[in-house]
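Enquirer: Pasting a structure here, questions to come.
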Amino acid sequence: MVIPAQTLRHTFLRHNKKFPHVWCPGCGNGIIMAALLRAIYRLDVSKDDIVLASGIGCSGRMPTYLDFNTLHTTHGRALTFATGVKLARPSLNVVAIMGDGDATAIGGNHFIHAARRNLNLTAIIINNSIYGMTGGQYSPTTPFGARSTTSVYGHIEHDFSIAELAVTAGASFVARATVYHAELMDRLIEQAIRKRGFAVVEVISNCHVQYGRRNNLGGAVEMIRRFKEQAVHVDRAEKMSAEELRGKITIGVLTDRELPISTEEYKKVRERARAARGGKV
Amino acid sequence: MSEPEQTPGRQLLQGNEAVVHGALAAGCRFFAGYPITPASEIAEHLSVLLPAVDGTFIQMEDEIASIGAVIGASLAGVKAMTATSGPGFSLMQENLGFACVAEVPCVIVNVMRGGPSTGLPTSPAQGDVQMARWGTHGDHPIVVLAVSSVLDSFSITVKAFNISEKYRVPVILLSDEVVAHTREAVRLPGRDEVKVMDRIRPSMPPDWYRPYEGDNRGVPPMAAFGDGYRHHVTGLIHDEHGYPTQNRKEIEGFHERMAGKIRRGFADIQMTRGFHTRDAEVLVIAYGSVARSALRAVEEARRQGMRAGLLQLITLFPFPRATVTPLLKQCRAVLVPEMNMGQISREVQRVNQCDCRVVKHNRVDGEFITPMEITRVLLKL
């Protein structure tokens, strides 16, 4: 089903918000926002029942433009606020949008514990391998050897894989896409929001301004074309050797499993507490 | 939601337990926290009691996450609280600022222990007073209350929630290791004796709702996420719609309204208790557990012929100068005993416009200030 862009704009963008947005021309954030909106459009839930929480950075501005219950929190803490919202009002669909530094550096502790805790939340992590808003400093996903404004002589630390971290930490659903694979991305986001349990979608995105430029990767078009070339669908990746997968980006659903959801489990805790105390506090 | 039932009659409770009962009576239905001495009993008891009243308890991965979850729950329309001690309170400062700027009602209990750093985990202190006021960066409105007894721990906790809801401001409740762990026989007020206030919800149609437009008190009505009033909440300085602004007039208006709502509510927020102050020539100003030693000391000084009085501060910030200043004019000397290096005595100095002699008495050795100790200093004034 093709959803006209105008339908998305008229349905989901805030008309009383003073545009333009803060993102640079060619930024992957717009592609990701559109994919999110297509996913939500297909979910067919009331805008009143959606909470979009973000942290700090370029990704953090996304909720400002969208006509949901929106929450622009502090750096790295989106998932903690989202946890409070979800527990207090479990009927709401809560989605957290974060960047790579936001989710896995300053917010790394919250990220792994949110995955372990397995609340019914969705986390979308925009991974552009750099701190874009603050001027191009290295992040936990900046590759070894890359140049950034804080590693001008070459980066000496190793990056980690956000999606694999989420799998290890216990998330119910983990998927990865790139901004080239826009249609796959909206299907994955839709699946993630529908999933009962903690669901993570990592989106590999381009920051040609702060990252591409310093590493001779070209502009937005060149970077996105490279994602297309590097991407290997998970079905094919399973048949490839580690050597063959070097420098590739595995896309698709990496994990989809049924685990006890803590929002559901807490209902049982309430029943036990009521029974134990006989209505007395 | 079902209401908690009060057991009638007297019960033996410690301060931390009384905080729990006060919170439940005030309508608190969400707690997120992280274990820390000497505040852990608050979390333990709420983990037992909250689920029995359809509330929610969660132990988070740290104090940063705890206050984050508390703010999230409050935005979803549920009264929420966390409890910690010095090190955890330090970690909460960033998100505390968010609660101030986004005007999210919540109560943060800090059971003070000896600091700085890991300090003296099992010893009483009052070293977090100025941090409670100024710990988060930037100018911000905040309310700080101090409890001195088990009964206070109940009733002032209720007040903390009421002020927080009424003014949409985080309220810091300062307890200390002595109050928290002392057991006293108390009769807690019944449900009908407790006055509970809730945040004002918007009554206009959603299209007309401006989430950060103050009413005549400067306090905006607050919609919960999911109520149909879709709006934006941010830690950036924002306009009446909640959207980030760089407009000088809007920034100034924002700060004016934030400071103004507390200034206008000052008479309502400031709480003190006077003992023998009417004819006092020498005054003791004290708060928290030290106020109880001070009362004994004042009574002893009276027995020995000194016209001494005690002003117990319940509200520490905004500093209750409307009560303090006239008493400073009336008295020739004031003694401020504190379990810190002089964090409230500097406030007393600040509002002292006359010739009243301000004398400090400080302890930071992890020992409680005794009545005898205060009497000794008092009789020399």
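Chain labels run A, B, ... following the order of the structure tokens; each chain numbers its residues from 1, and ligands are numbered from 1 in the order shown.
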Residues of chain A were defined as contacting chain B if any atom lay at most 6 Å from it, counting only C-alpha atoms; please report them as a PyMOL selection string.

Expert: chain A and resi 48-49+68-72+80-81+83-85+88+270+273-274+280-281

Enquirer: Can you pull out every residue within 8 Å of Arg278 (chain B), counting only C-alpha atoms, but drop anything in the same chain fewer than 2 positions away, and send it as an NGL selection string?

Expert: :B and (276 or 280 or 309)

Enquirer: Can you spit out the residues from that selection as an mmCIF file, in the first residue's frame, using all heavy atoms?

Expert:
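Contents of the output file result12.cif:
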data_model
loop_
_atom_site.group_PDB
_atom_site.id
_atom_site.type_symbol
_atom_site.label_atom_id
_atom_site.label_comp_id
_atom_site.auth_asym_id
_atom_site.auth_seq_id
_atom_site.Cartn_x
_atom_site.Cartn_y
_atom_site.Cartn_z
ATOM 1 N N HIS B 276 7.250 29.544 71.988
ATOM 2 C CA HIS B 276 7.683 30.608 72.919
ATOM 3 C C HIS B 276 8.302 31.802 72.176
ATOM 4 O O HIS B 276 9.219 32.434 72.689
ATOM 5 C CB HIS B 276 8.707 30.078 73.945
ATOM 6 C CG HIS B 276 8.322 28.804 74.604
ATOM 7 N ND1 HIS B 276 7.232 28.714 75.447
ATOM 8 C CD2 HIS B 276 8.856 27.551 74.534
ATOM 9 C CE1 HIS B 276 7.123 27.461 75.875
ATOM 10 N NE2 HIS B 276 8.092 26.738 75.326
ATOM 11 N N ALA B 280 10.087 36.322 73.002
ATOM 12 C CA ALA B 280 11.479 35.868 72.991
ATOM 13 C C ALA B 280 12.453 37.020 72.760
ATOM 14 O O ALA B 280 12.198 37.919 71.970
ATOM 15 C CB ALA B 280 11.665 34.809 71.910
ATOM 16 N N GLY B 309 13.203 31.444 72.584
ATOM 17 C CA GLY B 309 12.125 30.924 71.737
ATOM 18 C C GLY B 309 12.714 30.082 70.620
ATOM 19 O O GLY B 309 13.917 30.118 70.368
#

Enquirer: Extract, using only C-alpha atoms, all DNA, RNA and protein residues at most 8 Å from region 108-122 of chain B, discarding same-chain residues fewer than 6 positions from it, and format them as a list in words.

Expert: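 Residues near the query, excluding close chain neighbours: Thr37, Pro38, Ala39, Met81, Thr82, Ala83, Thr84, Ser85, Gly86, Pro87, Phe89, Asp128, Pro170, Val171, Ile172, Leu173, Leu174, Ser175, Asp176, Glu177, Ala180, Val364 and Gly366 of chain B.
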
Enquirer: Using only C-alpha atoms, which residues sit within 7 Å of Ala291 (chain B) once same-chain residues fewer than 4 positions away are excluded, as an MDAnalysis selection string?

Expert: chainID B and resid 148 286:287 295 312

Enquirer: Provide the CA of His21 (chain A) to CA of Trp208 (chain B) distance in Å, to one decimal place.

Expert: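 About the pair CA of His21 (chain A) and CA of Trp208 (chain B): they are 24.1 Å apart.
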